[in-house]
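Here is the file entry-v5.txt (compact mmCIF, C-alpha atoms).
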# COMPACT_ATOMS: atom_id res chain seq x y z
CA MET A 552 31.11 22.61 42.28
CA ILE A 553 30.43 18.93 42.66
CA PRO A 554 27.36 19.00 40.34
CA VAL A 555 29.45 20.69 37.64
CA LEU A 556 31.96 17.93 38.10
CA GLY A 557 29.11 15.43 37.73
CA LEU A 558 28.09 17.15 34.49
CA VAL A 559 31.62 16.92 33.09
CA VAL A 560 32.03 13.33 34.23
CA GLY A 561 28.70 12.36 32.63
CA VAL A 562 29.68 13.87 29.27
CA ILE A 563 33.12 12.29 29.34
CA VAL A 564 31.84 8.86 30.35
CA GLY A 565 29.24 9.01 27.57
CA LEU A 566 31.85 10.01 25.02
CA ILE A 567 34.36 7.39 26.07
CA LEU A 568 32.09 4.42 26.56
CA GLN A 569 29.60 5.32 23.82
CA PRO A 570 27.16 2.69 25.08
CA THR A 571 24.54 1.53 22.63
CA VAL A 572 20.99 2.01 23.84
CA PRO A 573 18.85 -1.04 23.07
CA ALA A 574 16.38 -0.30 20.31
CA ALA A 575 13.49 -1.04 22.68
CA LEU A 576 14.54 1.78 25.02
CA LEU A 577 15.37 4.28 22.29
CA PRO A 578 11.91 5.95 22.16
CA TYR A 579 12.08 6.74 25.90
CA LEU A 580 15.44 8.45 25.89
CA PRO A 581 14.35 11.86 24.47
CA ILE A 582 11.35 12.05 26.83
CA ALA A 583 13.52 11.01 29.77
CA ILE A 584 15.98 13.75 28.89
CA VAL A 585 13.24 16.40 28.73
CA ALA A 586 11.87 15.23 32.08
CA ALA A 587 15.34 15.29 33.65
CA LEU A 588 15.95 18.74 32.20
CA ASP A 589 12.72 19.92 33.83
CA ALA A 590 13.94 18.66 37.21
CA VAL A 591 17.34 20.33 36.75
CA ILE A 592 15.87 23.70 35.71
CA GLY A 593 13.47 23.50 38.64
CA ALA A 594 16.40 22.81 40.94
CA LEU A 595 18.28 25.82 39.56
CA ARG A 596 15.28 28.02 40.28
CA ALA A 597 14.94 26.63 43.80
CA LEU A 598 18.65 27.25 44.28
CA GLY A 599 18.15 30.90 43.37
CA GLU A 600 15.23 31.15 45.75
CA ASN A 601 17.23 29.51 48.53
CA ARG A 602 14.81 26.61 48.59
CA PHE A 603 17.01 23.92 47.10
CA HIS A 604 16.94 20.56 48.75
CA ASP A 605 18.92 17.68 47.32
CA ARG A 606 16.41 15.06 48.38
CA VAL A 607 13.58 16.86 46.61
CA PHE A 608 15.80 17.33 43.57
CA VAL A 609 16.87 13.69 43.30
CA ILE A 610 13.38 12.37 43.93
CA SER A 611 11.77 14.74 41.44
CA PHE A 612 14.51 13.89 38.93
CA ILE A 613 13.97 10.15 39.20
CA SER A 614 10.19 10.29 39.38
CA ASN A 615 10.03 12.70 36.41
CA VAL A 616 12.13 10.37 34.27
CA ILE A 617 10.24 7.25 35.32
CA ILE A 618 6.76 8.74 34.94
CA ALA A 619 7.55 10.35 31.58
CA SER A 620 9.00 7.08 30.28
CA PHE A 621 6.03 5.18 31.66
CA ILE A 622 3.57 7.48 29.92
CA VAL A 623 5.38 6.96 26.61
CA PHE A 624 5.45 3.22 27.23
CA LEU A 625 1.74 3.23 28.02
CA GLY A 626 1.06 5.26 24.89
CA ASP A 627 3.02 2.75 22.82
CA GLN A 628 0.99 -0.10 24.27
CA LEU A 629 -2.25 1.77 23.54
CA GLY A 630 -1.16 2.75 20.06
CA VAL A 631 -1.11 6.50 20.77
CA GLY A 632 2.60 6.79 21.69
CA SER A 633 3.28 9.93 19.70
CA GLN A 634 0.26 11.82 21.06
CA LEU A 635 1.11 11.06 24.68
CA SER A 636 4.77 11.94 24.03
CA THR A 637 3.61 15.27 22.62
CA GLY A 638 1.51 15.89 25.71
CA VAL A 639 4.43 15.12 28.03
CA VAL A 640 6.77 17.35 26.05
CA VAL A 641 4.24 20.23 26.07
CA VAL A 642 3.71 20.10 29.83
CA LEU A 643 7.39 19.70 30.66
CA GLY A 644 8.32 22.35 28.12
CA ILE A 645 5.95 24.87 29.72
CA ARG A 646 7.41 24.09 33.12
CA ILE A 647 10.95 24.46 31.82
CA PHE A 648 10.17 27.83 30.26
CA ALA A 649 8.31 29.06 33.34
CA ASN A 650 11.17 28.09 35.63
CA ALA A 651 13.73 29.56 33.26
CA ALA A 652 11.69 32.79 33.23
CA ALA A 653 11.69 32.84 37.04
CA ILE A 654 15.47 32.41 37.07
CA ARG A 655 15.84 35.15 34.50
CA ARG A 656 13.65 37.49 36.54
CA ARG A 657 15.74 36.84 39.62
CA ILE A 658 19.07 37.34 37.91
CA PHE A 659 18.29 40.21 35.60
CA HIS A 660 15.32 41.68 37.44
CA ALA A 661 13.51 41.72 34.16
CA MET B 1088 4.70 20.59 58.30
CA THR B 1089 2.56 23.31 56.83
CA HIS B 1090 2.44 24.80 53.41
CA ILE B 1091 3.38 28.40 52.94
CA ASP B 1092 1.30 30.45 50.56
CA PRO B 1093 1.99 29.78 46.95
CA PRO B 1094 3.66 32.56 44.94
CA PRO B 1095 1.48 35.49 43.86
CA GLY B 1096 -0.92 34.70 41.04
CA PHE B 1097 -1.12 31.10 42.08
CA ASP B 1098 -4.69 30.00 42.15
CA GLN B 1099 -4.93 26.42 43.15
CA TYR B 1100 -8.63 25.87 42.57
CA GLY B 1101 -9.59 28.95 40.60
CA GLY B 1102 -10.77 28.94 37.01
CA LYS B 1103 -7.32 29.12 35.53
CA GLY B 1104 -6.51 27.46 32.28
CA LEU B 1105 -4.58 24.23 32.28
CA LEU B 1106 -1.50 25.77 30.70
CA ASP B 1107 -1.57 28.73 33.10
CA SER B 1108 -1.71 26.51 36.12
CA ILE B 1109 1.10 24.37 34.72
CA ALA B 1110 3.21 27.48 34.24
CA GLU B 1111 2.41 28.74 37.74
CA ASN B 1112 3.06 25.39 39.33
CA ALA B 1113 6.31 25.03 37.43
CA LEU B 1114 8.36 24.52 40.57
CA ASP B 1115 7.64 21.33 42.46
CA ASP B 1116 5.60 22.07 45.57
CA ASP B 1117 8.10 20.18 47.67
CA TYR B 1118 10.54 23.01 47.31
CA TYR B 1119 8.04 25.28 49.09
CA GLU B 1120 7.88 23.12 52.14
CA VAL B 1121 9.15 24.91 55.20
CA ARG B 1122 11.74 22.80 56.80
CA SER B 1123 12.74 23.11 60.38
CA GLY B 1124 16.19 23.33 61.78
CA LYS B 1125 19.10 22.97 59.47
CA TYR B 1126 16.77 22.18 56.56
CA SER B 1127 15.20 25.65 56.67
CA ARG B 1128 17.69 26.99 54.17
CA SER B 1129 18.92 25.81 50.88
CA ARG B 1130 21.12 22.84 51.31
CA GLY B 1131 22.56 19.84 49.61
CA LEU B 1132 23.77 21.28 46.33
CA GLY B 1133 27.19 19.82 46.83
CA THR B 1134 26.05 16.34 47.77
CA LEU B 1135 26.80 13.20 45.86
CA ALA B 1136 23.08 12.70 45.18
CA SER B 1137 22.73 15.99 43.29
CA ALA B 1138 25.93 15.34 41.43
CA THR B 1139 24.75 11.89 40.43
CA ALA B 1140 21.48 13.24 39.11
CA VAL B 1141 23.27 15.89 37.06
CA MET B 1142 25.71 13.28 35.84
CA LEU B 1143 22.82 11.06 34.77
CA LEU B 1144 21.33 13.89 32.74
CA ALA B 1145 24.68 14.62 31.08
CA LEU B 1146 25.16 10.92 30.37
CA MET B 1147 21.72 10.55 28.80
CA VAL B 1148 22.15 13.62 26.62
CA THR B 1149 25.59 12.46 25.49
CA ILE B 1150 24.42 8.95 24.74
CA ALA B 1151 21.43 10.19 22.78
CA ALA B 1152 23.55 12.66 20.80
CA VAL B 1153 26.25 10.09 20.06
CA GLN B 1154 23.73 7.46 19.07
CA THR B 1155 21.91 9.85 16.76
CA ARG B 1156 25.17 10.82 15.09
CA THR B 1157 26.35 7.24 14.62
CA ASP B 1158 22.95 5.98 13.56
CA ARG B 1159 22.58 8.46 10.75
CA PRO B 1160 25.10 6.91 8.34
CA ILE B 1161 23.76 3.44 9.15
CA ASP B 1162 20.23 4.54 8.28
CA GLU B 1163 21.45 6.03 5.06
CA LEU B 1164 23.41 2.89 4.22
CA GLU B 1165 20.36 0.78 4.89
CA ARG B 1166 18.23 2.96 2.68
CA ASP B 1167 20.78 2.87 -0.12
CA ALA B 1168 21.01 -0.89 0.16
CA LEU B 1169 17.24 -1.17 -0.01
CA ILE B 1170 17.06 1.13 -3.03
CA SER B 1171 19.71 -0.82 -4.91
CA ASP B 1172 17.97 -4.04 -3.89
CA ILE B 1173 14.73 -2.76 -5.39
CA GLY B 1174 16.56 -1.80 -8.57
CA VAL B 1175 18.16 -5.23 -8.88
CA ARG B 1176 14.86 -7.01 -8.36
CA LYS B 1177 13.14 -4.78 -10.90
CA ASP B 1178 15.82 -5.62 -13.44
CA ASN B 1179 15.41 -9.26 -12.54
CA LEU B 1180 11.67 -9.06 -13.07
CA ALA B 1181 12.08 -7.32 -16.41
CA GLU B 1182 14.55 -9.98 -17.51
CA ASN B 1183 12.26 -12.77 -16.45
CA ARG B 1184 9.36 -11.17 -18.26
CA LYS B 1185 11.45 -10.83 -21.38
CA GLU B 1186 12.50 -14.44 -21.12
CA ALA B 1187 8.90 -15.55 -20.62
CA LEU B 1188 7.84 -13.56 -23.66
CA GLY B 1189 10.64 -15.05 -25.76
CA LEU B 1190 9.81 -18.57 -24.63
CA ARG B 1191 6.18 -18.02 -25.40
CA LYS B 1192 6.99 -16.85 -28.88
CA GLU B 1193 9.23 -19.87 -29.32
CA VAL B 1194 6.44 -22.19 -28.24
CA LEU B 1195 4.03 -20.59 -30.67
CA GLU B 1196 6.55 -20.84 -33.49
CA LEU B 1197 7.22 -24.46 -32.67
CA GLN B 1198 3.50 -25.14 -32.64
CA LYS B 1199 3.14 -23.45 -36.01
CA SER B 1200 6.09 -25.24 -37.54
CA ASP B 1201 4.80 -28.60 -36.34
CA THR B 1202 2.89 -29.30 -39.53
CA GLY B 1203 5.40 -31.43 -41.31
CA GLY B 1204 3.86 -34.69 -42.44
CA ASN B 1205 1.50 -35.17 -39.48
CA PRO B 1206 -2.02 -34.82 -40.93
CA GLU B 1207 -3.60 -35.45 -37.55
CA ALA B 1208 -1.78 -32.49 -36.07
CA VAL B 1209 -2.76 -30.30 -39.02
CA ALA B 1210 -6.40 -31.30 -38.68
CA LEU B 1211 -6.26 -30.61 -34.97
CA ARG B 1212 -4.81 -27.19 -35.54
CA VAL B 1213 -7.54 -26.37 -38.03
CA LEU B 1214 -10.17 -27.64 -35.61
CA THR B 1215 -8.80 -25.65 -32.72
CA ALA B 1216 -8.59 -22.53 -34.88
CA GLN B 1217 -4.83 -22.37 -34.42
CA ALA B 1218 -4.27 -22.42 -38.15
CA ALA B 1219 -5.90 -20.40 -40.90
CA ALA B 1220 -7.99 -22.56 -43.18
CA THR B 1221 -9.38 -22.47 -46.67
CA GLY B 1222 -11.87 -24.56 -48.62
CA GLN B 1223 -15.44 -24.67 -49.74
CA GLY B 1224 -18.28 -23.43 -47.61
CA ILE B 1225 -20.92 -20.77 -47.34
CA GLN B 1226 -20.80 -17.09 -46.65
CA ILE B 1227 -23.73 -15.52 -44.83
CA THR B 1228 -24.18 -11.79 -44.67
CA VAL B 1229 -26.62 -10.44 -42.08
CA ASP B 1230 -27.45 -6.85 -41.28
CA SER B 1231 -30.00 -4.69 -39.54
CA ASN B 1232 -32.85 -3.36 -41.59
CA GLY B 1233 -30.99 -0.07 -41.95
CA LEU B 1234 -33.63 2.18 -40.40
CA ALA B 1235 -32.01 4.55 -37.97
CA ASP B 1236 -34.92 4.55 -35.54
CA ALA B 1237 -35.58 0.88 -35.98
CA PRO B 1238 -37.08 -0.92 -32.98
CA THR B 1239 -34.98 -3.58 -31.37
CA SER B 1240 -36.50 -6.24 -33.57
CA GLY B 1241 -34.87 -4.50 -36.54
CA GLN B 1242 -31.37 -4.82 -35.08
CA VAL B 1243 -29.10 -7.81 -35.24
CA THR B 1244 -28.39 -8.82 -31.65
CA GLU B 1245 -25.64 -10.99 -30.18
CA THR B 1246 -28.27 -13.64 -29.55
CA ASP B 1247 -29.13 -13.71 -33.26
CA LEU B 1248 -25.47 -14.28 -34.10
CA GLN B 1249 -25.07 -16.90 -31.38
CA ILE B 1250 -28.07 -18.82 -32.72
CA LEU B 1251 -26.74 -18.54 -36.26
CA VAL B 1252 -23.27 -19.76 -35.31
CA ASN B 1253 -24.69 -22.64 -33.28
CA GLY B 1254 -26.87 -23.54 -36.28
CA LEU B 1255 -23.81 -23.53 -38.52
CA TRP B 1256 -21.88 -25.89 -36.20
CA TYR B 1257 -25.02 -28.04 -36.12
CA ALA B 1258 -25.15 -28.01 -39.90
CA GLY B 1259 -21.61 -29.36 -40.13
CA ALA B 1260 -19.37 -26.32 -40.32
CA GLU B 1261 -15.73 -27.06 -39.57
CA ALA B 1262 -14.43 -23.52 -39.18
CA ILE B 1263 -16.33 -20.27 -38.68
CA SER B 1264 -15.26 -16.65 -38.69
CA ILE B 1265 -17.32 -13.51 -38.14
CA ASN B 1266 -15.98 -10.41 -39.88
CA GLY B 1267 -12.56 -12.06 -39.97
CA ASN B 1268 -12.63 -13.15 -36.32
CA ARG B 1269 -12.10 -16.88 -36.25
CA LEU B 1270 -14.11 -18.65 -33.57
CA SER B 1271 -12.18 -21.15 -31.48
CA THR B 1272 -13.31 -23.33 -28.62
CA LEU B 1273 -12.51 -20.43 -26.31
CA SER B 1274 -14.38 -17.78 -28.30
CA ALA B 1275 -17.49 -16.07 -27.11
CA ILE B 1276 -19.97 -13.81 -28.84
CA GLY B 1277 -21.03 -11.04 -26.54
CA ARG B 1278 -21.92 -7.40 -26.33
CA SER B 1279 -19.88 -4.43 -25.26
CA ARG B 1280 -21.84 -1.19 -25.10
CA GLN B 1281 -23.42 -0.69 -28.53
CA SER B 1282 -21.52 -3.26 -30.53
CA ILE B 1283 -21.46 -7.03 -30.75
CA THR B 1284 -18.12 -8.61 -29.94
CA ALA B 1285 -16.40 -11.82 -30.97
CA ASN B 1286 -13.13 -12.80 -29.29
CA TYR B 1287 -13.63 -9.56 -27.29
CA ARG B 1288 -13.28 -7.49 -30.47
CA SER B 1289 -16.04 -5.15 -31.57
CA LEU B 1290 -17.76 -6.03 -34.81
CA ALA B 1291 -19.14 -3.51 -37.29
CA ARG B 1292 -22.23 -4.00 -39.42
CA PRO B 1293 -22.84 -5.77 -41.70
CA TYR B 1294 -21.81 -9.10 -40.23
CA THR B 1295 -20.20 -11.56 -42.63
CA ILE B 1296 -20.04 -15.10 -41.38
CA VAL B 1297 -17.83 -17.52 -43.25
CA ALA B 1298 -18.36 -21.22 -42.51
CA LEU B 1299 -16.14 -23.84 -44.07
CA GLY B 1300 -17.61 -27.25 -44.76
CA ASN B 1301 -19.56 -29.13 -47.40
CA LYS B 1302 -21.19 -26.13 -49.09
CA ASP B 1303 -24.29 -27.90 -50.40
CA GLN B 1304 -24.91 -29.65 -47.11
CA LEU B 1305 -24.35 -26.44 -45.13
CA GLU B 1306 -26.67 -24.41 -47.32
CA GLU B 1307 -29.39 -27.00 -47.17
CA ARG B 1308 -29.18 -27.64 -43.46
CA ILE B 1309 -28.96 -24.02 -42.39
CA GLY B 1310 -32.14 -23.44 -44.36
CA SER B 1311 -34.00 -26.17 -42.55
CA ASN B 1312 -32.66 -26.46 -39.04
CA PRO B 1313 -34.07 -24.45 -36.08
CA ALA B 1314 -31.45 -21.73 -36.42
CA GLY B 1315 -32.38 -21.19 -40.03
CA LYS B 1316 -36.07 -21.14 -39.23
CA TYR B 1317 -35.43 -18.64 -36.44
CA TRP B 1318 -33.66 -16.41 -38.91
CA VAL B 1319 -36.45 -16.72 -41.48
CA GLN B 1320 -38.78 -15.44 -38.81
CA ARG B 1321 -36.41 -12.62 -37.89
CA VAL B 1322 -36.19 -11.58 -41.54
CA GLN B 1323 -39.97 -11.54 -41.84
CA SER B 1324 -40.68 -9.69 -38.59
CA GLY B 1325 -37.70 -7.37 -38.36
CA GLY B 1326 -36.78 -6.83 -41.96
CA LEU B 1327 -33.24 -8.04 -41.38
CA ARG B 1328 -30.92 -8.87 -44.22
CA PHE B 1329 -29.89 -12.54 -44.48
CA ASP B 1330 -27.99 -13.58 -47.58
CA VAL B 1331 -26.52 -17.04 -47.96
CA GLU B 1332 -23.95 -17.64 -50.66
CA ALA B 1333 -22.19 -20.90 -51.32
CA SER B 1334 -18.65 -20.79 -52.61
CA GLY B 1335 -15.94 -23.24 -53.49
CA ASP B 1336 -13.12 -21.05 -52.31
CA LEU B 1337 -13.43 -19.38 -48.91
CA ALA B 1338 -10.85 -18.70 -46.24
CA VAL B 1339 -10.85 -18.11 -42.49
CA PRO B 1340 -7.86 -16.71 -40.54
CA SER B 1341 -6.43 -18.24 -37.37
CA ALA B 1342 -7.84 -17.20 -34.02
CA PRO B 1343 -5.94 -14.72 -31.80
CA GLU B 1344 -3.21 -16.33 -29.70
CA LYS B 1345 -5.07 -15.76 -26.49
CA ARG B 1346 -8.02 -17.75 -27.75
CA VAL B 1347 -5.96 -20.85 -28.48
CA ASP B 1348 -3.70 -20.93 -25.43
CA VAL B 1349 -4.23 -23.56 -22.77
CA PHE B 1350 -2.76 -22.81 -19.35
CA HIS B 1351 -4.55 -24.92 -16.78
CA ALA B 1352 -6.36 -27.80 -18.45
CA GLU B 1353 -4.16 -30.84 -18.98
CA ALA B 1354 -4.74 -33.84 -21.17
CA ILE B 1355 -5.35 -37.15 -19.38
CA GLU B 1356 -2.83 -39.69 -20.57
CA GLY B 1357 -4.22 -42.75 -22.29
CA GLU B 1358 -7.72 -41.42 -22.83
CA SER B 1359 -9.16 -40.11 -26.02
Would you mind writing the structure in this file as structure tokens?
Amino acid sequence: MIPVLGLVVGVIVGLILQPTVPAALLPYLPIAIVAALDAVIGALRALGENRFHDRVFVISFISNVIIASFIVFLGDQLGVGSQLSTGVVVVLGIRIFANAAAIRRRIFHA
Amino acid sequence: MTHIDPPPGFDQYGGKGLLDSIAENALDDDYYEVRSGKYSRSRGLGTLASATAVMLLALMVTIAAVQTRTDRPIDELERDALISDIGVRKDNLAENRKEALGLRKEVLELQKSDTGGNPEAVALRVLTAQAAATGQGIQITVDSNGLADAPTSGQVTETDLQILVNGLWYAGAEAISINGNRLSTLSAIGRSRQSITANYRSLARPYTIVALGNKDQLEERIGSNPAGKYWVQRVQSGGLRFDVEASGDLAVPSAPEKRVDVFHAEAIEGES
């Protein structure tokens, strides 16, 4: 229940405060979101498999976001930002779909 | 701590493709760690840490969505502003060009109208080919020998005309035109593909050169100076046509505007 509360609080805080992201950080936001989504979907799967552990979840969440952002930053510095972003999105996307498929299998047995 | 076996199909070091192994490793390995005691089962969903992480995700998504929505009109406004800016500057440029053209015309008209009572200015304008001129002089008509397959010696070349024009200046000509193209101090006789050019305009055979000056003096000198002798030789060897005709009433037009304009050179005050 508490995580759902966190979800609601996050949306409400974002809507109320509407903070402006500095232009320098703007390119990292989408990648950070995809990385965080990967951690959350993975956590949902672990939850279904009775393997969930909050420490693992939080650490994977933070490290995913930081590493993904760092790769994009590195790509920007090397002049291949879009290619590296694409690579990150492909890998994380595959993981998200694979985990979602595992959840689906568990719930629907299909 | 020991690792339990990975899920079926997991092949840690086998020859699996990159994408396959990514898909099979989708869940972080940490979740597969066997934990002793109270950690053996799923735990911690309801903790503040999990909630904070979920809240962070929700916050990021909301911020990104809000920012994208609010940025869109700004981007459009910026683009519109840029487009209108471009339009304004284009109009500005066109106006300036028009103004420049008008001013140029005005300058030329003023230059042309500046003939009243100042004989020095009139003489200068004749000398610089700014004004059309008339008077006595000679008219020289030159042409190739007319044979279609004539060797190069039977053709009038730009060098022939250059030598002839130089000879005419040398003989005392004050104004020269070739086929109606007045030669100014900025004129050149050249070649463009098959035809000879003067003032960058193609000339057609035969070439009629009008030179104003003392007609008797011109006729006599062009017959005896090196240019004339060169042409005598050309006539003998190449069969070219070279007719000289003195006349008391000849006219040359003014040179094209571009050949009388001065943009960069400036007169030095007090020197002549």
Q.
Can you work out which residues from chain B touch chain A at a cut-off of 6 Å (counting all atoms listed in the file) and hand them back as a ChimeraX atom specification?
A. /B:1110,1113-1114,1118,1129-1131,1133,1137-1138,1141-1142,1145-1146,1149-1150
Mind checking which residues fall within 12 Å of Pro1293 in chain B, counting only C-alpha atoms, ignoring those fewer than 3 positions away in the same chain, and posting them as an mmCIF file with C-alpha atoms, in the coordinates of the input?
data_model
loop_
_atom_site.group_PDB
_atom_site.id
_atom_site.type_symbol
_atom_site.label_atom_id
_atom_site.label_comp_id
_atom_site.auth_asym_id
_atom_site.auth_seq_id
_atom_site.Cartn_x
_atom_site.Cartn_y
_atom_site.Cartn_z
ATOM 1 C CA ILE B 1227 -23.730 -15.520 -44.830
ATOM 2 C CA THR B 1228 -24.180 -11.790 -44.670
ATOM 3 C CA VAL B 1229 -26.620 -10.440 -42.080
ATOM 4 C CA ASP B 1230 -27.450 -6.850 -41.280
ATOM 5 C CA SER B 1231 -30.000 -4.690 -39.540
ATOM 6 C CA ASN B 1232 -32.850 -3.360 -41.590
ATOM 7 C CA GLY B 1233 -30.990 -0.070 -41.950
ATOM 8 C CA GLN B 1242 -31.370 -4.820 -35.080
ATOM 9 C CA VAL B 1243 -29.100 -7.810 -35.240
ATOM 10 C CA THR B 1244 -28.390 -8.820 -31.650
ATOM 11 C CA LEU B 1248 -25.470 -14.280 -34.100
ATOM 12 C CA ILE B 1265 -17.320 -13.510 -38.140
ATOM 13 C CA ASN B 1266 -15.980 -10.410 -39.880
ATOM 14 C CA SER B 1282 -21.520 -3.260 -30.530
ATOM 15 C CA ILE B 1283 -21.460 -7.030 -30.750
ATOM 16 C CA LEU B 1290 -17.760 -6.030 -34.810
ATOM 17 C CA ILE B 1296 -20.040 -15.100 -41.380
ATOM 18 C CA LEU B 1327 -33.240 -8.040 -41.380
ATOM 19 C CA ARG B 1328 -30.920 -8.870 -44.220
ATOM 20 C CA PHE B 1329 -29.890 -12.540 -44.480
ATOM 21 C CA ASP B 1330 -27.990 -13.580 -47.580
#
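Look at Ala1216 in chain B: the protein and nucleic acid residues within 7 Å of it, using all atoms listed in the file and passing over chain neighbours fewer than 4 places away, are Arg1212, Arg1269, Leu1270, Ser1271, Ser1341 and Ala1342 of chain B.
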Output file for the residues above (C-alpha atoms, as a compact mmCIF listing (two decimals), in the frame of the given file):
# COMPACT_ATOMS: atom_id res chain seq x y z
CA ARG B 1212 -4.81 -27.19 -35.54
CA ARG B 1269 -12.10 -16.88 -36.25
CA LEU B 1270 -14.11 -18.65 -33.57
CA SER B 1271 -12.18 -21.15 -31.48
CA SER B 1341 -6.43 -18.24 -37.37
CA ALA B 1342 -7.84 -17.20 -34.02
(Q) Just to confirm, what's the straight-line distance from CA of Gly1222 in chain B to CA of Pro1343 in chain B in Å (one decimal)? (A)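 Answer for the CA of Gly1222 in chain B to CA of Pro1343 in chain B separation: 20.4 Å.
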Edge lengths and centre in Å to one decimal, as lines of an AutoDock Vina configuration file, of the axis-aligned box that encloses all listed atoms of range 1214-1224 of chain B with 4 Å added on every side?
center_x = -11.3
center_y = -24.0
center_z = -41.2
size_x = 22.0
size_y = 15.2
size_z = 25.0
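Pairwise distance (CA of Ala1275 in chain B, CA of Tyr1287 in chain B) equals 7.6 Å.
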Q. What is the CA of Glu1207 in chain B-CA of Glu1307 in chain B distance in Å, reported with one decimal?
A.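 Computing it gives 28.8 Å between the two atoms.
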Q | For range 637-640 of chain A: contacts at 8 Å, all atoms listed in the file, fewer than 5 positions along chain excluded, given as a PyMOL selection string | A | chain A and resi 582+585+619+622
Q.
Let me make sure I understand: among A:Pro573, A:Ile567, A:Ile654, A:Tyr579, which one has the smallest atom-to-atom distance to Phe621 in chain A if we use all atoms listed in the file?
A. A:Tyr579
Q: Can you pull out every residue within 6 Å of range 1254-1260 of chain B, counting all atoms listed in the file, but drop anything in the same chain fewer than 3 positions away, and send it as a list in words?
A: Leu1251, Ala1298, Leu1299, Gly1300, Leu1305, Arg1308 and Ala1314 of chain B
